[in-house]
There are 2 protein chains.
Amino acid sequence: MLKNIALLGSTGSIGTQTLDVVAGFPKDFRITYLTGHTNTTLLLEQVRRFRPRGVVVFSDAAVKEMKKNAPPGTEVLLGEQGLLDIVQRQDVDIVVSSLVGFAGLRPTIAAITAKKKIALANKETLVVAGEIIMPLVDKHHVDLLPVDSEHSAIFQCLAGELPNKVDKLILTASGGPFRTKPMAELQQVTLEQALKHPNWSMGNKITIDSATLMNKGLEVIEAHWLFGVPPERIEVVVHPQSIIHSMVEFVDGSVKAQLGIPDMKIPIQYALTYPSRSPSRFPRVHFPSLGEMTFFEPDRERFPCLQLAFDAIKEGGTMPAVMNAANEVAVAQFLQQKIGFLDIPRMVRSAMEQHSNLANPSLEEIVTTDSETRALLQSQKVS
Amino acid sequence: MLKNIALLGSTGSIGTQTLDVVAGFPKDFRITYLTGHTNTTLLLEQVRRFRPRGVVVFSDAAVKEMKKNAPPGTEVLLGEQGLLDIVQRQDVDIVVSSLVGFAGLRPTIAAITAKKKIALANKETLVVAGEIIMPLVDKHHVDLLPVDSEHSAIFQCLAGELPNKVDKLILTASGGPFRTKPMAELQQVTLEQALKHPNWSMGNKITIDSATLMNKGLEVIEAHWLFGVPPERIEVVVHPQSIIHSMVEFVDGSVKAQLGIPDMKIPIQYALTYPSRSPSRFPRVHFPSLGEMTFFEPDRERFPCLQLAFDAIKEGGTMPAVMNAANEVAVAQFLQQKIGFLDIPRMVRSAMEQHSNLANPSLEEIVTTDSETRALLQSQKVS
């Protein structure tokens, strides 16, 4: 049966790869909505190729351009309200959320409430509001399918297993471009160096998060909420080859892992076809050619963001939202070359230290915390 | 609910480890029958400790000794007829078959027909008669649970997956003690060297089979029957660390693996507790301490038994039974230091070449083929 997809954030890395996957299964999937934040040129190309019923853009200029150039009959919607509108429509079966950062929160909640199947590539949603999201997922009986390679790996390893048989989740981390760089050189690394991920081709924000290991920290929190495992039973292991995407250790000592070449199209396709699988032509792992797979403890001194994430989820409440907002601001400033690499964890730590934590926050309190943290940091000078 | 277990071959390596596992779950499992072939002293110890209702032995002397020394009321049965009798009894829920070689065939069939859950550590049963066994398993709707670490790994990876989504089974092999030994030195290896397996502690027959890679060949055939995957889609990869116990590659390119320290108690316990898992205190893998995991193509020139097994299953019919019987005779002669290491594949190849294959054999035809092959080889001198 043909499934209709609303693809949120179609011009980003996950968005374009989702369209590559969807293009391979014209009888299984149809794109009914596309949304793009800034790259209107690419969005227009996608609209011409996939002919969605509607498209969401984020400026009046983009609305104008889209109305002028999109195929006749294409509905053009504006901003977050547009996102909230489309994810609830009848002609949407699956919502793929590949928005970046905090922006993914409200549309995901709207999609859950509308009982859509959700393929979630936006980890920040669960990081800041997992405590609110997961009960909603249960209440509305929706499938919340992870698109992150690590969480897809764990999800695949848990298939067919009974509940409460997990001893430990083991998230693998490539270690990023600075895995072996001494502490003394880290402050001086350039933006260009930080953007060169050894294994994965991804968007800028997540690539910097990978270099600081904040990405792994966000994933720990995401895994905690998705799989209901406390943070003290979530382990991070550096595995530079990124062939094992993550693992689950069960109560009997048996470990299951999901492996593959580092290609996001595999977890994207799995989320779309779940609980089935469809044939793909993605390149395969040829084990004898691999050479070796190695494993190391992560260095929490050189990469303090990982520890900050563990601290934030142990605190709970609004603390993860503060950590996430501070990290988004810091990464944006690093991308603008306004701050150095080690200033990212410094800014995050400082924001967390200044925050008076609030337990069991409402969605509005989380949104307020997010805004306040951003405002605070933007008003501060980094030394 | 308490499950009653008939443990066939309790004094062997799998047998004793099964008792170790069972001893940890006195509320879940009870041993109702034990059987042992030659080590009556150990069998008697086990009978005293686990107090089964009955015990099967294989000589009149052993019957006498058991009747004299076993706790009063213990039923003592004799030979294959004893095995066939106990596996069908009401007070047996699970039959663990850890008999060695061809001897496992008839008791397994009797257990299937009696609709018992079967934990199968005897791979020769499926190797020689998979074509007969698997339709019986389907017909009687029994669970045939593999205890071999490789097949347990694949079985665990297939949990929760839909049928017909497998592209490839990837069996890992340690490579045995002679993995890096040059061809020219192989004929001269001693029995002692061949019995030193680098990773696994197992019985003599399987340890020699591991050294020749015939064990992996038998496993390919076993996997073919258990999982319904044709031999051309079963791959063998040498993985000297034996941490990954085997893998499944699905149609979408995703690979799942099961890992653990090399300890047969994990797959034994899984077969007993399936589809659940129970806590264990078995040592765990600590990935950062592993160093590395490596992978190589198996060398089919130095280890011709692997290729012979692929040839046998492609031929089908009675050929796998010939291969298995020839291998059992050859390994027995090598264990008695009557022949050299490379004579094992030579004897197997010679027997296969002399055999006129018979398609779709009956059970009796398989039994006859087995006997004839043994008789033929025992009458021949190895040059």
# chains A, B, ... in the order shown; residues from 1 in each chain; ligands from 1
call {"tool": "interface_residues", "arguments": {"of": "chain A", "to": "chain B", "cutoff": "9 Å", "atoms": "only C-alpha atoms", "output": "PyMOL selection string"}}
result
chain A and resi 153+156-162+165+167+237-239+249-261+266-267+269-270+275-285+287-297
call {"tool": "write_last_selection", "arguments": {"atoms": "C-alpha atoms", "output": "compact mmCIF listing (two decimals), in the first residue's frame"}}
result
# COMPACT_ATOMS: atom_id res chain seq x y z
CA ALA A 153 21.03 -0.14 15.41
CA GLN A 156 17.03 -3.42 15.23
CA CYS A 157 18.85 -5.37 17.96
CA LEU A 158 15.78 -5.17 20.19
CA ALA A 159 13.44 -6.62 17.54
CA GLY A 160 11.95 -9.90 18.75
CA GLU A 161 13.31 -9.51 22.29
CA LEU A 162 11.09 -9.48 25.36
CA LYS A 165 15.93 -8.13 29.24
CA ASP A 167 21.48 -5.00 30.75
CA VAL A 237 32.67 3.04 23.24
CA VAL A 238 34.89 4.72 20.67
CA HIS A 239 35.03 2.60 17.51
CA GLU A 249 23.95 -6.36 25.99
CA PHE A 250 21.19 -8.59 27.36
CA VAL A 251 20.80 -9.94 30.88
CA ASP A 252 22.32 -13.30 29.90
CA GLY A 253 25.55 -11.72 28.64
CA SER A 254 24.65 -12.10 24.97
CA VAL A 255 25.38 -8.99 22.91
CA LYS A 256 23.65 -8.06 19.68
CA ALA A 257 25.06 -5.49 17.27
CA GLN A 258 23.94 -3.91 14.03
CA LEU A 259 26.64 -3.26 11.46
CA GLY A 260 27.00 -1.75 8.02
CA ILE A 261 28.93 0.74 6.00
CA ILE A 266 20.20 2.23 5.58
CA PRO A 267 18.59 3.52 8.83
CA GLN A 269 15.07 3.07 4.67
CA TYR A 270 14.64 0.79 7.70
CA PRO A 275 8.78 -3.79 10.41
CA SER A 276 9.71 -5.13 6.98
CA ARG A 277 12.91 -4.60 4.98
CA SER A 278 13.27 -3.84 1.29
CA PRO A 279 16.14 -4.74 -1.02
CA SER A 280 18.75 -2.05 -1.50
CA ARG A 281 21.80 -1.50 -3.63
CA PHE A 282 23.72 0.28 -0.90
CA PRO A 283 27.36 -0.88 -0.78
CA ARG A 284 27.91 -3.80 1.62
CA VAL A 285 30.52 -4.55 4.23
CA PHE A 287 34.55 -8.26 6.31
CA PRO A 288 37.87 -9.69 5.06
CA SER A 289 38.64 -6.29 3.47
CA LEU A 290 37.93 -4.38 6.70
CA GLY A 291 41.34 -4.86 8.18
CA GLU A 292 40.37 -4.43 11.80
CA MET A 293 37.77 -3.09 14.14
CA THR A 294 39.08 -1.38 17.27
CA PHE A 295 37.51 -0.07 20.46
CA PHE A 296 38.55 2.53 23.05
CA GLU A 297 37.22 4.27 26.13
call {"tool": "residues_around", "arguments": {"residues": "Val142 in chain A", "least_positions_apart": "6", "cutoff": "7 Å", "atoms": "only C-alpha atoms", "output": "PyMOL selection string"}}
result
chain A and resi 112+115-117
call {"tool": "write_last_selection", "arguments": {"atoms": "N, CA, C and O atoms", "output": "PDB file, in the first residue's frame"}}
result
ATOM      1  N   ILE A 112       2.659  13.252  16.652  1.00  0.00           N
ATOM      2  CA  ILE A 112       2.291  12.175  17.580  1.00  0.00           C
ATOM      3  C   ILE A 112       0.801  12.252  17.903  1.00  0.00           C
ATOM      4  O   ILE A 112       0.074  11.263  17.852  1.00  0.00           O
ATOM      5  N   LYS A 115      -1.418  10.882  15.565  1.00  0.00           N
ATOM      6  CA  LYS A 115      -1.221   9.434  15.396  1.00  0.00           C
ATOM      7  C   LYS A 115      -0.505   9.043  14.104  1.00  0.00           C
ATOM      8  O   LYS A 115      -0.821   8.020  13.477  1.00  0.00           O
ATOM      9  N   LYS A 116       0.459   9.845  13.702  1.00  0.00           N
ATOM     10  CA  LYS A 116       1.238   9.489  12.523  1.00  0.00           C
ATOM     11  C   LYS A 116       2.415   8.614  12.932  1.00  0.00           C
ATOM     12  O   LYS A 116       2.950   8.738  14.041  1.00  0.00           O
ATOM     13  N   LYS A 117       2.844   7.762  12.024  1.00  0.00           N
ATOM     14  CA  LYS A 117       4.120   7.056  12.189  1.00  0.00           C
ATOM     15  C   LYS A 117       5.226   8.094  11.999  1.00  0.00           C
ATOM     16  O   LYS A 117       5.175   8.897  11.071  1.00  0.00           O
TER      17      LYS A 117
END
call {"tool": "residues_around", "arguments": {"residues": "Phe310 in chain A", "least_positions_apart": "6", "cutoff": "10 Å", "atoms": "only C-alpha atoms", "output": "mmCIF file with N, CA and C atoms, in the first residue's frame"}}
result
data_model
loop_
_atom_site.group_PDB
_atom_site.id
_atom_site.type_symbol
_atom_site.label_atom_id
_atom_site.label_comp_id
_atom_site.auth_asym_id
_atom_site.auth_seq_id
_atom_site.Cartn_x
_atom_site.Cartn_y
_atom_site.Cartn_z
ATOM 1 N N GLY A 217 26.751 12.549 23.448
ATOM 2 C CA GLY A 217 26.013 12.896 24.659
ATOM 3 C C GLY A 217 24.519 13.036 24.380
ATOM 4 N N LEU A 218 24.187 13.736 23.283
ATOM 5 C CA LEU A 218 22.775 13.868 22.911
ATOM 6 C C LEU A 218 22.175 12.487 22.643
ATOM 7 N N VAL A 220 23.072 9.642 23.988
ATOM 8 C CA VAL A 220 22.858 8.937 25.258
ATOM 9 C C VAL A 220 21.482 9.317 25.812
ATOM 10 N N ILE A 221 21.199 10.618 25.792
ATOM 11 C CA ILE A 221 19.912 11.088 26.324
ATOM 12 C C ILE A 221 18.758 10.575 25.463
ATOM 13 N N PRO A 231 20.617 6.171 32.376
ATOM 14 C CA PRO A 231 21.914 6.574 31.811
ATOM 15 C C PRO A 231 23.094 5.762 32.355
ATOM 16 N N GLU A 232 23.001 5.280 33.606
ATOM 17 C CA GLU A 232 24.130 4.518 34.144
ATOM 18 C C GLU A 232 24.261 3.156 33.482
ATOM 19 N N ILE A 234 23.954 2.997 30.122
ATOM 20 C CA ILE A 234 24.269 3.323 28.725
ATOM 21 C C ILE A 234 25.769 3.624 28.648
ATOM 22 N N GLY A 316 18.128 15.793 35.030
ATOM 23 C CA GLY A 316 16.774 15.771 34.481
ATOM 24 C C GLY A 316 16.145 17.147 34.471
ATOM 25 N N PRO A 320 18.586 19.247 30.574
ATOM 26 C CA PRO A 320 18.959 18.878 29.202
ATOM 27 C C PRO A 320 18.599 19.962 28.180
#
call {"tool": "residues_around", "arguments": {"residues": "Ala62 in chain B", "least_positions_apart": "6", "cutoff": "9 Å", "atoms": "only C-alpha atoms", "output": "PyMOL selection string"}}
result
chain B and resi 38+40+78
